[in-house]
$ cat structure-v4.txt   # compact mmCIF, C-alpha atoms
# COMPACT_ATOMS: atom_id res chain seq x y z
CA MET C 1226 117.58 -7.50 35.87
CA PRO C 1227 115.14 -9.90 37.59
CA PRO C 1228 113.40 -12.60 35.57
CA TYR C 1229 110.26 -11.24 33.93
CA ILE C 1230 108.12 -13.89 35.56
CA SER C 1231 109.36 -15.92 38.50
CA ILE C 1232 107.31 -18.67 40.11
CA GLY C 1233 109.08 -20.38 42.99
CA GLY C 1234 107.75 -23.41 44.86
CA TYR C 1235 104.16 -22.73 43.77
CA ALA C 1236 101.69 -25.43 44.75
CA ASP C 1237 97.91 -25.58 44.63
CA PRO C 1238 97.07 -28.91 46.24
CA PRO C 1239 95.65 -31.29 45.26
CA ARG C 1240 95.80 -30.15 41.64
CA ILE C 1241 99.25 -28.63 41.19
CA PRO C 1242 102.21 -30.06 43.11
CA CYS C 1243 105.20 -27.87 43.81
CA PHE C 1244 106.89 -26.41 40.74
CA SER C 1245 109.16 -23.49 39.90
CA ILE C 1246 109.83 -21.63 36.69
CA GLU C 1247 111.47 -18.45 35.48
CA THR C 1248 110.95 -16.70 32.18
CA GLY C 1249 113.03 -13.97 30.57
CA CYS C 1250 112.71 -11.47 27.76
CA GLY C 1251 111.65 -12.98 24.43
CA GLU C 1252 110.77 -16.34 25.93
CA LEU C 1253 107.56 -18.27 25.34
CA VAL C 1254 106.84 -20.72 28.14
CA ALA C 1255 103.92 -23.13 28.04
CA LEU C 1256 102.37 -24.61 31.15
CA VAL C 1257 100.46 -27.60 29.90
CA GLY C 1258 97.63 -29.26 31.76
CA GLY C 1259 94.26 -30.82 31.12
CA PRO C 1260 90.87 -29.41 32.09
CA GLY C 1261 90.61 -28.90 35.85
CA SER C 1262 94.36 -28.97 36.37
CA GLY C 1263 94.40 -25.58 38.10
CA LYS C 1264 95.51 -23.39 35.17
CA SER C 1265 92.78 -20.78 35.66
CA ASN C 1266 93.53 -20.54 39.37
CA LEU C 1267 97.22 -20.13 38.57
CA ILE C 1268 96.63 -17.17 36.18
CA LYS C 1269 94.46 -15.54 38.87
CA SER C 1270 97.27 -15.96 41.37
CA ILE C 1271 99.78 -14.48 38.92
CA ALA C 1272 97.37 -11.57 38.31
CA GLY C 1273 97.10 -11.04 42.06
CA ILE C 1274 93.35 -11.56 42.22
CA ARG C 1275 93.60 -14.83 44.11
CA PRO C 1276 96.15 -15.63 46.82
CA ALA C 1277 98.82 -18.14 45.81
CA GLY C 1278 98.43 -21.33 47.82
CA LYS C 1279 102.11 -21.94 48.48
CA GLY C 1280 105.29 -20.48 47.08
CA SER C 1281 106.10 -17.11 45.68
CA ILE C 1282 105.27 -15.36 42.42
CA ARG C 1283 107.02 -12.24 41.11
CA ILE C 1284 106.44 -10.20 37.96
CA MET C 1285 109.42 -7.99 37.08
CA GLY C 1286 110.46 -8.49 40.70
CA ALA C 1287 107.16 -7.14 42.04
CA ARG C 1288 104.45 -8.89 44.02
CA PRO C 1289 101.40 -10.00 42.01
CA GLY C 1290 98.59 -7.47 42.31
CA SER C 1291 100.93 -4.56 43.03
CA ILE C 1292 100.51 -1.69 40.63
CA ARG C 1293 104.11 -2.15 39.41
CA ALA C 1294 103.37 -5.76 38.46
CA ARG C 1295 100.17 -4.79 36.65
CA GLU C 1296 101.53 -1.81 34.74
CA GLY C 1297 103.50 -3.77 32.19
CA ALA C 1298 101.56 -7.02 32.23
CA VAL C 1299 98.61 -8.06 30.09
CA PHE C 1300 96.46 -10.90 31.36
CA VAL C 1301 94.05 -12.66 29.04
CA PHE C 1302 91.63 -14.90 30.86
CA GLN C 1303 89.83 -17.79 29.26
CA ASN C 1304 86.43 -16.12 29.85
CA SER C 1305 84.94 -12.96 31.28
CA ASN C 1306 87.42 -10.49 29.86
CA PHE C 1307 84.63 -7.99 29.13
CA ALA C 1308 81.71 -6.43 30.97
CA PRO C 1309 78.49 -7.86 29.57
CA ASP C 1310 76.63 -4.55 29.19
CA ILE C 1311 79.18 -2.42 27.33
CA ALA C 1312 80.22 -2.52 23.66
CA VAL C 1313 83.49 -4.44 23.42
CA ARG C 1314 85.22 -1.81 21.28
CA ASN C 1315 84.58 0.86 23.93
CA GLN C 1316 86.00 -1.41 26.61
CA LEU C 1317 89.07 -2.14 24.51
CA GLU C 1318 89.67 1.54 23.87
CA ARG C 1319 89.55 2.40 27.56
CA ARG C 1320 91.85 -0.47 28.49
CA ILE C 1321 94.40 0.26 25.82
CA ALA C 1322 94.35 3.96 26.75
CA LEU C 1323 94.93 2.88 30.35
CA PHE C 1324 98.01 0.82 29.43
CA ARG C 1325 99.41 3.55 27.18
CA GLY C 1326 98.60 6.33 29.66
CA VAL C 1327 96.87 8.44 27.02
CA PRO C 1328 93.31 9.78 26.58
CA VAL C 1329 90.80 7.37 25.04
CA ARG C 1330 90.43 9.49 21.89
CA ALA C 1331 94.14 8.89 21.16
CA VAL C 1332 93.55 5.16 20.63
CA HIS C 1333 90.29 5.26 18.62
CA LYS C 1334 92.05 4.91 15.28
CA ASP C 1335 94.46 2.17 16.37
CA VAL C 1336 91.64 0.05 17.75
CA ALA C 1337 89.50 0.62 14.65
CA ASP C 1338 92.41 -0.28 12.36
CA TRP C 1339 93.20 -3.43 14.32
CA CYS C 1340 89.55 -4.51 14.31
CA GLU C 1341 89.41 -3.93 10.57
CA GLU C 1342 92.58 -5.94 10.03
CA MET C 1343 91.05 -8.80 12.04
CA GLU C 1344 87.75 -8.43 10.13
CA LEU C 1345 85.92 -7.57 13.34
CA ILE C 1346 85.14 -3.93 12.65
CA GLY C 1347 81.34 -4.21 12.72
CA ILE C 1348 81.02 -6.84 15.37
CA ALA C 1349 83.34 -5.05 17.83
CA ASP C 1350 80.64 -2.44 18.41
CA GLU C 1351 78.31 -5.09 19.86
CA ILE C 1352 78.05 -6.17 23.47
CA PRO C 1353 79.70 -9.52 24.37
CA GLY C 1354 76.40 -11.43 24.42
CA GLN C 1355 75.88 -10.72 20.73
CA MET C 1356 79.20 -12.26 19.66
CA ASN C 1357 80.30 -15.82 19.26
CA ARG C 1358 83.10 -17.15 21.44
CA SER C 1359 85.67 -17.07 18.66
CA GLN C 1360 85.10 -13.35 17.99
CA LEU C 1361 85.15 -12.58 21.70
CA GLN C 1362 88.40 -14.46 22.25
CA MET C 1363 90.04 -12.78 19.28
CA LEU C 1364 89.04 -9.35 20.58
CA SER C 1365 90.42 -10.19 24.01
CA LEU C 1366 93.86 -10.46 22.36
CA ALA C 1367 93.74 -6.82 21.19
CA PRO C 1368 95.63 -5.42 24.21
CA LEU C 1369 98.55 -7.72 23.31
CA ALA C 1370 98.75 -6.28 19.82
CA LEU C 1371 98.11 -2.64 20.74
CA THR C 1372 100.22 -2.19 23.85
CA ASN C 1373 103.81 -3.08 24.52
CA PRO C 1374 103.66 -5.28 27.58
CA PHE C 1375 106.76 -6.69 29.26
CA VAL C 1376 104.79 -9.69 30.39
CA ALA C 1377 101.81 -11.48 28.84
CA VAL C 1378 100.03 -14.28 30.65
CA LEU C 1379 97.39 -16.06 28.62
CA ASP C 1380 94.92 -18.73 29.72
CA GLU C 1381 93.87 -20.93 26.80
CA PRO C 1382 94.11 -18.07 24.30
CA MET C 1383 93.12 -20.21 21.32
CA ILE C 1384 90.72 -22.78 22.66
CA ASN C 1385 87.58 -21.03 21.37
CA LEU C 1386 89.03 -19.64 18.15
CA SER C 1387 87.71 -20.77 14.80
CA SER C 1388 90.34 -22.40 12.59
CA LEU C 1389 90.51 -19.27 10.41
CA ARG C 1390 91.54 -17.12 13.36
CA VAL C 1391 94.13 -19.44 14.91
CA SER C 1392 96.94 -18.29 12.61
CA SER C 1393 96.15 -14.61 13.30
CA ALA C 1394 96.22 -15.22 17.05
CA LEU C 1395 99.45 -17.17 16.75
CA ALA C 1396 101.02 -14.32 14.76
CA ILE C 1397 100.03 -11.81 17.46
CA ILE C 1398 101.58 -13.92 20.21
CA ILE C 1399 104.77 -14.68 18.27
CA SER C 1400 105.20 -10.99 17.37
CA LEU C 1401 105.32 -10.20 21.10
CA LEU C 1402 108.49 -12.18 21.57
CA GLU C 1403 110.84 -9.35 20.58
CA LYS C 1404 110.63 -7.76 24.02
CA THR C 1405 107.97 -9.60 25.97
CA SER C 1406 107.99 -12.64 28.17
CA VAL C 1407 104.97 -14.78 27.36
CA LEU C 1408 103.52 -17.42 29.66
CA VAL C 1409 100.70 -19.48 28.21
CA LEU C 1410 98.54 -21.93 30.10
CA VAL C 1411 97.23 -24.42 27.60
CA GLN C 1412 96.11 -27.96 26.93
CA ASN C 1413 98.49 -30.34 25.23
CA LYS C 1414 97.05 -30.00 21.73
CA SER C 1415 97.50 -26.22 21.53
CA PRO C 1416 99.72 -25.06 18.63
CA LEU C 1417 101.53 -22.84 21.13
CA VAL C 1418 103.12 -25.91 22.73
CA THR C 1419 105.19 -26.66 19.64
CA ARG C 1420 106.39 -23.03 19.49
CA ALA C 1421 107.28 -22.77 23.17
CA ASP C 1422 110.88 -22.39 24.35
CA LYS C 1423 110.04 -24.27 27.56
CA VAL C 1424 107.20 -26.63 28.30
CA VAL C 1425 106.17 -27.51 31.85
CA ASN C 1426 103.64 -30.28 32.26
CA LEU C 1427 101.15 -29.91 35.06
CA PRO C 1428 99.76 -33.24 36.21
CA MET Z 299 98.87 6.80 34.82
CA LYS Z 300 95.91 8.50 33.16
CA GLY Z 301 92.48 7.09 34.00
CA ARG Z 302 93.74 4.77 36.72
CA ASN Z 303 91.39 6.17 39.35
CA THR Z 304 88.39 6.86 37.14
CA TYR Z 305 88.21 3.57 35.20
CA TYR Z 306 85.48 1.94 37.30
CA PHE Z 307 83.56 5.20 37.66
CA ARG Z 308 83.34 5.56 33.89
CA GLU Z 309 82.46 1.90 33.30
CA SER Z 310 79.75 2.13 35.98
CA ILE Z 311 78.25 5.31 34.53
CA ILE Z 312 77.99 3.66 31.10
CA ILE Z 313 76.26 0.61 32.63
CA LEU Z 314 73.96 2.73 34.82
CA LEU Z 315 72.72 4.76 31.86
CA LYS Z 316 71.29 1.60 30.27
CA THR Z 317 67.50 1.42 30.32
CA LYS Z 318 67.28 -1.42 32.83
CA TRP Z 319 69.12 0.62 35.47
CA ILE Z 320 67.81 4.12 34.78
CA GLY Z 321 64.28 3.01 33.82
CA PRO Z 322 62.87 2.45 37.34
CA TYR Z 323 63.63 6.05 38.25
CA LEU Z 324 61.04 7.06 35.64
CA LEU Z 325 58.43 5.69 38.06
CA LEU Z 326 59.24 8.55 40.37
CA PRO Z 327 57.35 11.44 38.65
CA PRO Z 328 53.99 9.60 38.31
CA LEU Z 329 54.24 8.17 41.85
CA LEU Z 330 55.09 11.57 43.26
CA ALA Z 331 52.36 13.29 41.26
CA PHE Z 332 49.86 10.74 42.55
CA MET Z 333 50.96 11.31 46.16
CA VAL Z 334 50.81 15.09 45.85
CA TYR Z 335 47.38 14.84 44.23
CA ALA Z 336 46.12 12.44 46.91
CA GLU Z 337 47.44 14.65 49.71
CA ALA Z 338 45.86 17.73 48.11
CA TYR Z 339 42.56 15.84 47.91
CA LEU Z 340 42.78 14.87 51.58
CA PHE Z 341 43.66 18.43 52.61
CA ALA Z 342 40.76 19.79 50.55
CA HIS Z 343 38.34 17.45 52.32
CA GLY Z 344 39.73 18.22 55.74
CA VAL Z 345 40.92 14.64 56.34
CA ALA Z 346 44.58 15.50 56.86
CA GLY Z 347 44.29 18.81 58.59
CA ILE Z 348 44.96 22.15 57.00
CA PHE Z 349 48.35 22.65 55.40
CA THR Z 350 49.63 25.85 53.93
CA LEU Z 351 51.08 25.83 50.43
CA GLY Z 352 54.56 26.09 51.94
CA GLN Z 353 53.96 23.01 54.12
CA ARG Z 354 52.61 21.11 51.13
CA THR Z 355 55.77 21.97 49.23
CA VAL Z 356 57.92 20.68 52.08
CA LEU Z 357 55.82 17.51 52.31
CA ALA Z 358 56.17 16.94 48.56
CA ILE Z 359 59.95 17.36 48.80
CA TRP Z 360 60.08 14.76 51.57
CA ASN Z 361 57.77 12.43 49.64
CA GLY Z 362 60.10 12.70 46.67
CA SER Z 363 63.13 12.09 48.86
CA LEU Z 364 61.74 8.94 50.46
CA LEU Z 365 60.40 7.52 47.20
CA LEU Z 366 63.77 8.13 45.57
CA ALA Z 367 65.54 6.59 48.58
CA LEU Z 368 63.40 3.46 48.17
CA ILE Z 369 64.10 3.10 44.45
CA ALA Z 370 67.78 4.07 44.80
CA GLY Z 371 68.34 1.65 47.68
CA ILE Z 372 66.80 -1.31 45.86
CA LYS Z 373 68.61 -0.55 42.60
CA SER Z 374 71.89 0.04 44.46
CA CYS Z 375 71.69 -3.36 46.16
CA LEU Z 376 71.03 -5.04 42.81
CA PHE Z 377 73.70 -3.07 40.93
CA PHE Z 378 76.51 -3.35 43.47
CA SER Z 379 75.88 -7.01 44.11
CA LYS Z 380 75.79 -7.82 40.38
CA MET Z 381 78.91 -5.80 39.68
CA TRP Z 382 81.12 -6.92 42.55
CA GLU Z 383 80.32 -10.60 42.28
CA SER Z 384 80.77 -10.74 38.51
CA SER Z 385 83.73 -12.54 36.95
CA TRP Z 386 84.56 -9.67 34.59
CA PHE Z 387 84.89 -7.25 37.51
CA ARG Z 388 87.21 -9.65 39.35
CA ASN Z 389 89.30 -10.19 36.23
CA SER Z 390 89.44 -6.45 35.58
CA LEU Z 391 91.34 -6.07 38.85
CA ALA Z 392 94.33 -7.37 36.88
CA LEU Z 393 94.34 -4.14 34.87
CA PRO Z 394 96.64 -1.31 35.97
CA VAL Z 395 93.86 0.45 37.87
CA SER Z 396 93.63 1.60 41.44
CA ARG Z 397 91.94 -1.25 43.31
CA PRO Z 398 90.21 0.93 45.94
CA SER Z 399 88.55 2.70 43.00
CA GLY Z 400 86.81 -0.61 42.34
CA PHE Z 401 84.69 0.27 45.37
CA TRP Z 402 84.59 4.06 45.23
CA GLY Z 403 84.11 4.31 41.44
CA PRO Z 404 80.82 2.38 41.27
CA TYR Z 405 79.65 4.01 44.54
CA LEU Z 406 80.25 7.53 43.23
CA ALA Z 407 78.70 6.64 39.88
CA VAL Z 408 75.46 5.49 41.54
CA LEU Z 409 75.50 8.49 43.87
CA SER Z 410 75.99 10.87 40.92
CA ILE Z 411 73.08 9.41 38.95
CA VAL Z 412 70.80 9.37 42.00
CA SER Z 413 71.82 12.93 42.93
CA ALA Z 414 71.00 14.13 39.42
CA ILE Z 415 67.55 12.55 39.70
CA PHE Z 416 67.11 14.07 43.16
CA ILE Z 417 67.88 17.53 41.77
CA LEU Z 418 65.43 17.04 38.90
CA THR Z 419 62.73 15.78 41.28
CA THR Z 420 63.03 18.50 43.90
CA GLY Z 421 63.42 21.11 41.17
CA ALA Z 422 60.17 19.95 39.60
CA VAL Z 423 58.38 19.94 42.98
CA VAL Z 424 59.53 23.45 43.89
CA ALA Z 425 58.66 24.74 40.42
CA ALA Z 426 55.21 23.11 40.48
CA LEU Z 427 54.25 24.10 44.02
CA GLN Z 428 55.64 27.58 44.19
CA GLU Z 429 55.80 28.08 47.92
CA SER Z 430 55.05 31.34 49.63
CA GLY Z 431 58.65 32.15 50.47
CA ARG Z 432 58.42 31.61 54.23
CA VAL Z 433 59.78 28.10 54.07
CA PRO Z 434 63.57 27.59 54.03
CA VAL Z 435 63.41 25.47 50.88
CA PHE Z 436 67.15 25.06 50.29
CA GLN Z 437 67.84 23.91 53.85
CA ILE Z 438 64.99 21.42 53.62
CA ILE Z 439 66.21 20.16 50.24
CA ALA Z 440 69.69 19.69 51.73
CA GLU Z 441 68.22 17.79 54.67
CA SER Z 442 66.00 15.66 52.44
CA TYR Z 443 69.05 14.62 50.39
CA ILE Z 444 70.44 12.73 53.39
CA PRO Z 445 68.02 9.74 53.16
CA VAL Z 446 68.94 9.40 49.47
CA MET Z 447 72.66 9.33 50.27
CA TRP Z 448 71.96 6.90 53.12
CA ALA Z 449 70.08 4.60 50.70
CA VAL Z 450 73.03 4.42 48.28
CA SER Z 451 75.54 3.82 51.11
CA MET Z 452 73.35 1.10 52.59
CA GLY Z 453 72.97 -0.38 49.09
CA ALA Z 454 76.76 -0.50 48.74
CA PHE Z 455 77.10 -2.30 52.08
CA LEU Z 456 74.30 -4.79 51.38
CA GLY Z 457 75.46 -5.31 47.79
CA MET Z 458 78.86 -6.26 49.15
CA LEU Z 459 77.41 -8.46 51.90
CA THR Z 460 74.78 -10.49 50.14
CA THR Z 461 72.90 -11.15 46.89
CA GLY Z 462 71.00 -8.36 45.17
CA THR Z 463 67.56 -9.81 45.91
CA ALA Z 464 68.26 -10.48 49.58
CA GLY Z 465 69.92 -7.08 49.96
CA SER Z 466 67.05 -5.19 48.35
CA MET Z 467 64.49 -7.04 50.49
CA PHE Z 468 66.43 -6.27 53.66
CA PHE Z 469 66.82 -2.66 52.57
CA THR Z 470 63.08 -2.28 51.92
CA ILE Z 471 62.25 -3.68 55.36
CA LEU Z 472 64.81 -1.38 57.00
CA LEU Z 473 63.50 1.68 55.15
CA LEU Z 474 59.88 0.88 56.01
CA LEU Z 475 60.80 0.30 59.67
CA GLY Z 476 62.71 3.55 59.67
CA PHE Z 477 59.76 5.30 58.07
CA MET Z 478 57.32 3.88 60.62
CA THR Z 479 59.33 5.25 63.53
CA GLY Z 480 58.44 8.71 62.26
CA LEU Z 481 54.70 8.18 62.21
CA PRO Z 482 53.05 9.73 65.27
CA PHE Z 483 50.55 6.89 65.80
CA VAL Z 484 53.11 4.07 65.69
CA SER Z 485 54.49 3.03 69.05
CA LEU Z 486 57.62 0.93 69.01
CA PRO Z 487 59.88 -0.26 71.85
CA LYS Z 488 62.38 2.47 72.74
CA TRP Z 489 65.43 0.33 72.05
CA LEU Z 490 64.33 0.00 68.43
CA PHE Z 491 64.78 3.73 67.97
CA ALA Z 492 68.44 3.30 68.83
CA ILE Z 493 69.19 0.89 66.00
CA ILE Z 494 66.72 1.79 63.27
CA PRO Z 495 67.90 4.61 60.99
CA PRO Z 496 65.74 7.69 61.68
CA VAL Z 497 64.42 7.93 58.13
CA GLY Z 498 60.86 8.66 59.24
CA ARG Z 499 61.76 10.94 62.14
CA ILE Z 500 64.01 13.07 59.95
CA MET Z 501 60.99 13.59 57.71
CA THR Z 502 58.39 14.40 60.37
CA LEU Z 503 60.79 16.65 62.27
CA GLY Z 504 62.21 18.04 59.04
CA MET Z 505 58.75 19.36 58.22
CA LEU Z 506 59.40 21.85 61.03
CA TYR Z 507 62.94 22.90 60.06
CA PRO Z 508 65.34 23.47 61.89
CA GLN Z 509 64.04 20.59 63.99
CA GLY Z 510 65.39 17.23 62.86
CA LEU Z 511 69.02 18.29 62.59
CA ILE Z 512 70.08 15.74 65.21
CA GLN Z 513 68.34 13.01 63.19
CA ALA Z 514 70.15 14.33 60.12
CA VAL Z 515 73.51 13.93 61.86
CA ILE Z 516 72.56 10.42 63.08
CA LEU Z 517 71.56 9.39 59.56
CA ILE Z 518 74.81 10.78 58.09
CA LEU Z 519 76.80 8.82 60.70
CA HIS Z 520 74.72 5.72 60.02
CA SER Z 521 75.43 5.89 56.29
CA ALA Z 522 79.13 6.66 56.87
CA VAL Z 523 79.53 3.65 59.17
CA PHE Z 524 77.87 1.25 56.74
CA LEU Z 525 79.75 2.70 53.80
CA MET Z 526 83.07 2.12 55.57
CA LEU Z 527 81.95 -1.40 56.52
CA GLY Z 528 81.21 -2.00 52.83
CA ARG Z 529 84.67 -0.71 51.91
CA LEU Z 530 86.20 -2.99 54.52
CA LEU Z 531 84.36 -6.01 53.14
CA PHE Z 532 85.45 -5.05 49.62
CA GLY Z 533 89.08 -4.95 50.75
CA ILE Z 534 88.80 -8.35 52.44
CA GLY Z 535 86.93 -9.84 49.48
CA SER Z 536 89.39 -8.61 46.87
CA ARG Z 537 92.32 -10.12 48.77
CA ARG Z 538 90.78 -13.48 49.61
CA ARG Z 539 88.91 -14.73 46.55
$ encode --input "structure-v4.txt" --output "structure tokens"
Amino acid sequence: MPPYISIGGYADPPRIPCFSIETGCGELVALVGGPGSGKSNLIKSIAGIRPAGKGSIRIMGARPGSIRAREGAVFVFQNSNFAPDIAVRNQLERRIALFRGVPVRAVHKDVADWCEEMELIGIADEIPGQMNRSQLQMLSLAPLALTNPFVAVLDEPMINLSSLRVSSALAIIISLLEKTSVLVLVQNKSPLVTRADKVVNLP
Amino acid sequence: MKGRNTYYFRESIIILLKTKWIGPYLLLPPLLAFMVYAEAYLFAHGVAGIFTLGQRTVLAIWNGSLLLALIAGIKSCLFFSKMWESSWFRNSLALPVSRPSGFWGPYLAVLSIVSAIFILTTGAVVAALQESGRVPVFQIIAESYIPVMWAVSMGAFLGMLTTGTAGSMFFTILLLLGFMTGLPFVSLPKWLFAIIPPVGRIMTLGMLYPQGLIQAVILILHSAVFLMLGRLLFGIGSRRR
């Protein structure tokens, strides 16, 4: 079984010098770096939407961007997770249906229940521009809770959350650890750093 | 996996049905009605020669086609450019979707909407100006669809190449140049005819169907080439950024 996420000799000069890391099932790994340290570029490289500068990246043994790497991986970006003109709940339903491989109508109830549990049931029907950043960031975590990814890569998943929502988000991420490998890219003060199995400091 | 190939098509359709994208097409009926009325007035006063009802029907179909091509081309440039350069679209490529469908999905969505409007427009024209039956209406409608398809393909290429505003300005100039080459009193250097899409010539020759079929083939090839160039740029762009 290959490591769930394998980053070997990755470098993004001048921001990130060469580093390597491997994560396995049930592991939470935190890559810690300040603003402008190259975290957002790194998640794009892992997602296969930006070429890696140097080194190699593999997800479940597959190249980033290949359909095999994307099938079992959920990526949560710091911003721009949703199209600006479409109601967020509709977008979530289509994405979750895509991950589960079922028709959209089969996930209506699950998404509605999750939104209700998170006290976002009314607001989720709005477009992103009508929400605050905390609500939007919380909703971007829905695919983690409603699919069963092998790999989750999260860029600053809590930075915009209101204090009331931090514990809910933390619970979602921790609950993944039964069968998922979680890689978080965060700043030093994130509560995820204290929970991480491994911490790698980016300069 | 279910929905992998249709994800972007469905997202695009939802966006395109918003008022700001569909609204400009509502300009088409009043503009077309004005043109038909103005042409009828000119015919009645002998300014534009004498046209039979069948010829007026054909002219109205071509007017509708070129007006729709203008609106569709401009809106396509704006839509494709906005979509493909947006951060959410780039980030959505991390979903388990077919990446080529990121190009073909939005293209087919725009083409579907524009085709529906084309059918409504030509249907309204044919119903309003019931022609005498001597004009091959269906062949002419099929031929007049080509500039509309060309406009969307060109919009996809320009939307991929540049910003929406620059693309739509370039498209408008290209369409007007192409239209001018069809006007009998406009003389242009011969070499220009080789590079400008025959949007005007297909109309003037299309009035006398089956003339204009060569121009139809040229315009189809022109749109296919630019569509494939757009697809190529999309492939390069999605690997490099």
$ atom_distance --input "structure-v4.txt" --atom1 "CA of Asp1335 in chain C" --atom2 "CA of Thr1405 in chain C"
20.3 Å
$ atom_distance --input "structure-v4.txt" --atom1 "CA of Lys373 in chain Z" --atom2 "CA of Gly510 in chain Z"
27.1 Å
$ interface_residues --input "structure-v4.txt" --of "chain C" --to "chain Z" --cutoff "9 Å" --atoms "only C-alpha atoms" --output "ChimeraX atom specification"
/C:1269,1272-1276,1290-1302,1304-1311,1316,1319-1320,1322-1328
$ residues_near_point --input "structure-v4.txt" --point "(93.0, -30.8, 40.0)" --cutoff "12 Å" --atoms "all atoms listed in the file" --output "list in words"
Ala1236, Asp1237, Pro1238, Pro1239, Arg1240, Ile1241, Pro1242, Gly1258, Gly1259, Pro1260, Gly1261, Ser1262, Gly1263, Lys1264, Ser1265, Asn1266, Leu1267, Leu1427 and Pro1428 of chain C
$ closest_residue --input "structure-v4.txt" --among "C:Met1383, C:Leu1366, C:Val1257, C:Ile1232" --to "Pro1289 in chain C" --atoms "only C-alpha atoms"
C:Ile1232
$ axis_aligned_box --input "structure-v4.txt" --around "range 1325-1339 of chain C" --padding-each-side "4 Å" --output "lines of an AutoDock Vina configuration file"
center_x = 94.5
center_y = 3.2
center_z = 21.0
size_x = 17.9
size_y = 21.2
size_z = 25.3
$ atom_distance --input "structure-v4.txt" --atom1 "CA of Phe483 in chain Z" --atom2 "CA of Val446 in chain Z"
24.7 Å
$ residues_around --input "structure-v4.txt" --residues "Thr420 in chain Z" --least-positions-apart "5" --cutoff "12 Å" --atoms "all atoms listed in the file" --output "VMD selection string"
chain Z and resid 326 to 327 330 355 to 366 413 to 415 425 to 428 435 to 436 438 to 443
$ residues_around --input "structure-v4.txt" --residues "Ser1387 in chain C" --least-positions-apart "3" --cutoff "7 Å" --atoms "only C-alpha atoms" --output "ChimeraX atom specification"
/C:1359,1390-1391
$ write_last_selection --input "structure-v4.txt" --atoms "C-alpha atoms" --output "PDB file, in the coordinates of the input"
ATOM      1  CA  SER C1359      85.670 -17.070  18.660  1.00  0.00           C
ATOM      2  CA  ARG C1390      91.540 -17.120  13.360  1.00  0.00           C
ATOM      3  CA  VAL C1391      94.130 -19.440  14.910  1.00  0.00           C
TER       4      VAL C1391
END
